[in-house]
Amino acid sequence: MTKAAELTPGSPQGARPAPRYVVSGCLAGLCCRYDGGSNPCPEVVKLVEAGLAVPVCPESLSGLPVPRPPCEQVPGGPDKNEIRVLSRDGADVTAAFKLGARRALEAALATDCRGAILKARSPSCGVGTVYDGSFSHTLRPGDGLWARLLREAGFSLWTEDDLPPGLGA
Ligand code: SF4
């Protein structure tokens with residue numbers, strides 16, 4: 001049951017609460033993952049059902065199909081700060097991933113949310129660590145492309161492994 005404190009301030013009693021978080025679509029149970037699956041996180045699903053979170057999938061907003069080949073970030077350039085995104089079959093999908101990240105940022109900014117709960121390790125949504133481009137489940141430090149834009153826009157970032165205080169175990 002939604003608590004009174006979760007209702008929009010000043011809204012009539014019983015009105016829908018204001019969303020607090022944008023969340024990765026796959027954590028909310030949307031089948032937007034590269035293989036057509038999802039990664040439902042019970043706490044995130046409950047937030048969406050209560051109207052407290054808005055699901056967004058940057059890779060869906062990129063125009064890439066579902067299913068699609070798995071993709072990972074590949075650092076390049078002399079200082080390894082240039083990020084490209086390659087599919088496992090070698091296609092360069094950097095432009096599509098950047099487009100999806102920009103569109104997803106716009107979707108997030110259109111809400112009043114200033115927090116995000118994102119899918120850990122994803123090339124778009126990962127927070128603090130992402131797969132390293134070797135397709136061997138090896139991690140390296142870095143944010144997903146959408147996560148980076150959200151961080152730069154001032155959002156507080158969490159993942160399903162590190163939920164906001166009060167939501168996790
Ligand atoms: S881009 Fe993000 S929301 Fe979309 S499927 Fe990948 S991890 Fe989930």
# chains A, B, ... in the order shown; residues from 1 in each chain; ligands from 1
$ residues_near_ligand --ligand "ligand 1" --cutoff "8 Å" --atoms "only C-alpha atoms and all ligand atoms" --output "JSON, numbers by chain"
{"A": [23, 24, 25, 26, 27, 31, 32, 33, 34, 38, 39, 55, 56, 57, 58, 59, 60, 118, 119, 120, 121, 122, 123, 124, 125, 126]}
$ atom_distance --atom1 "atom CA of A:Asp162" --atom2 "atom CA of A:Gly63"
29.1 Å
$ residues_around --residues "stretch 73-87 of chain A" --least-positions-apart "5" --cutoff "6 Å" --atoms "only C-alpha atoms" --output "PyMOL selection string"
chain A and resi 92-94+123+133
$ atom_distance --atom1 "atom CA of A:Pro165" --atom2 "atom CA of A:Thr129"
20.4 Å
$ closest_residue --among "A:Arg114, A:Arg102, A:Lys46, A:His137" --to "A:Leu149" --atoms "only C-alpha atoms"
A:Arg102
$ closest_residue --among "A:Ala104, A:Ala147, A:Ala95, A:Ile117" --to "A:Ala28" --atoms "only C-alpha atoms"
A:Ile117
$ atom_distance --atom1 "atom CA of A:Pro19" --atom2 "atom CA of A:Ala53"
4.9 Å
$ residues_around --residues "A:Leu167" --least-positions-apart "2" --cutoff "10 Å" --atoms "only C-alpha atoms" --output "PDB file with C-alpha atoms, in the first residue's frame"
ATOM      1  CA  GLU A  43      12.022  -4.099  -5.571  1.00  0.00           C
ATOM      2  CA  VAL A  44      12.086  -2.246  -8.914  1.00  0.00           C
ATOM      3  CA  LEU A  47       8.259   0.703  -7.457  1.00  0.00           C
ATOM      4  CA  ASP A 162      23.247  -1.689  -4.686  1.00  0.00           C
ATOM      5  CA  LEU A 163      19.698  -0.449  -4.153  1.00  0.00           C
ATOM      6  CA  PRO A 164      18.868   2.964  -2.658  1.00  0.00           C
ATOM      7  CA  PRO A 165      18.710   3.074   1.155  1.00  0.00           C
ATOM      8  CA  ALA A 169      17.917  -5.954   2.202  1.00  0.00           C
TER       9      ALA A 169
END
$ select_by_dssp --residues "chain A" --states "alpha helix (DSSP H)" --output "ChimeraX atom specification"
/A:42-49,58-61,94-109,145-152
$ write_last_selection --atoms "C-alpha atoms" --output "PDB file, in the first residue's frame"
ATOM      1  CA  PRO A  42      11.333  -7.421  -7.293  1.00  0.00           C
ATOM      2  CA  GLU A  43      12.022  -4.099  -5.571  1.00  0.00           C
ATOM      3  CA  VAL A  44      12.086  -2.246  -8.914  1.00  0.00           C
ATOM      4  CA  VAL A  45       8.936  -3.978 -10.170  1.00  0.00           C
ATOM      5  CA  LYS A  46       7.137  -2.897  -6.974  1.00  0.00           C
ATOM      6  CA  LEU A  47       8.259   0.703  -7.457  1.00  0.00           C
ATOM      7  CA  VAL A  48       6.909   0.747 -11.011  1.00  0.00           C
ATOM      8  CA  GLU A  49       3.614  -0.834  -9.934  1.00  0.00           C
ATOM      9  CA  PRO A  58      18.229   3.180 -23.968  1.00  0.00           C
ATOM     10  CA  GLU A  59      19.018   0.342 -26.354  1.00  0.00           C
ATOM     11  CA  SER A  60      15.370   0.087 -27.358  1.00  0.00           C
ATOM     12  CA  LEU A  61      15.368   3.855 -27.941  1.00  0.00           C
ATOM     13  CA  THR A  94      28.616   3.107 -31.200  1.00  0.00           C
ATOM     14  CA  ALA A  95      26.397   5.634 -33.008  1.00  0.00           C
ATOM     15  CA  ALA A  96      23.219   3.717 -32.213  1.00  0.00           C
ATOM     16  CA  PHE A  97      24.175   3.297 -28.543  1.00  0.00           C
ATOM     17  CA  LYS A  98      24.977   7.010 -28.227  1.00  0.00           C
ATOM     18  CA  LEU A  99      21.666   7.942 -29.844  1.00  0.00           C
ATOM     19  CA  GLY A 100      19.774   5.645 -27.472  1.00  0.00           C
ATOM     20  CA  ALA A 101      21.625   7.090 -24.469  1.00  0.00           C
ATOM     21  CA  ARG A 102      20.743  10.665 -25.506  1.00  0.00           C
ATOM     22  CA  ARG A 103      17.092   9.768 -26.045  1.00  0.00           C
ATOM     23  CA  ALA A 104      16.972   7.965 -22.715  1.00  0.00           C
ATOM     24  CA  LEU A 105      18.501  11.000 -20.987  1.00  0.00           C
ATOM     25  CA  GLU A 106      15.764  13.177 -22.508  1.00  0.00           C
ATOM     26  CA  ALA A 107      13.147  10.713 -21.242  1.00  0.00           C
ATOM     27  CA  ALA A 108      14.688  10.846 -17.765  1.00  0.00           C
ATOM     28  CA  LEU A 109      14.872  14.643 -17.722  1.00  0.00           C
ATOM     29  CA  LEU A 145      26.709   5.328 -21.919  1.00  0.00           C
ATOM     30  CA  TRP A 146      23.298   6.236 -20.458  1.00  0.00           C
ATOM     31  CA  ALA A 147      24.554   6.005 -16.895  1.00  0.00           C
ATOM     32  CA  ARG A 148      27.345   8.442 -17.741  1.00  0.00           C
ATOM     33  CA  LEU A 149      24.888  11.003 -19.149  1.00  0.00           C
ATOM     34  CA  LEU A 150      22.631  10.616 -16.101  1.00  0.00           C
ATOM     35  CA  ARG A 151      25.592  11.069 -13.749  1.00  0.00           C
ATOM     36  CA  GLU A 152      26.690  14.214 -15.626  1.00  0.00           C
TER      37      GLU A 152
END
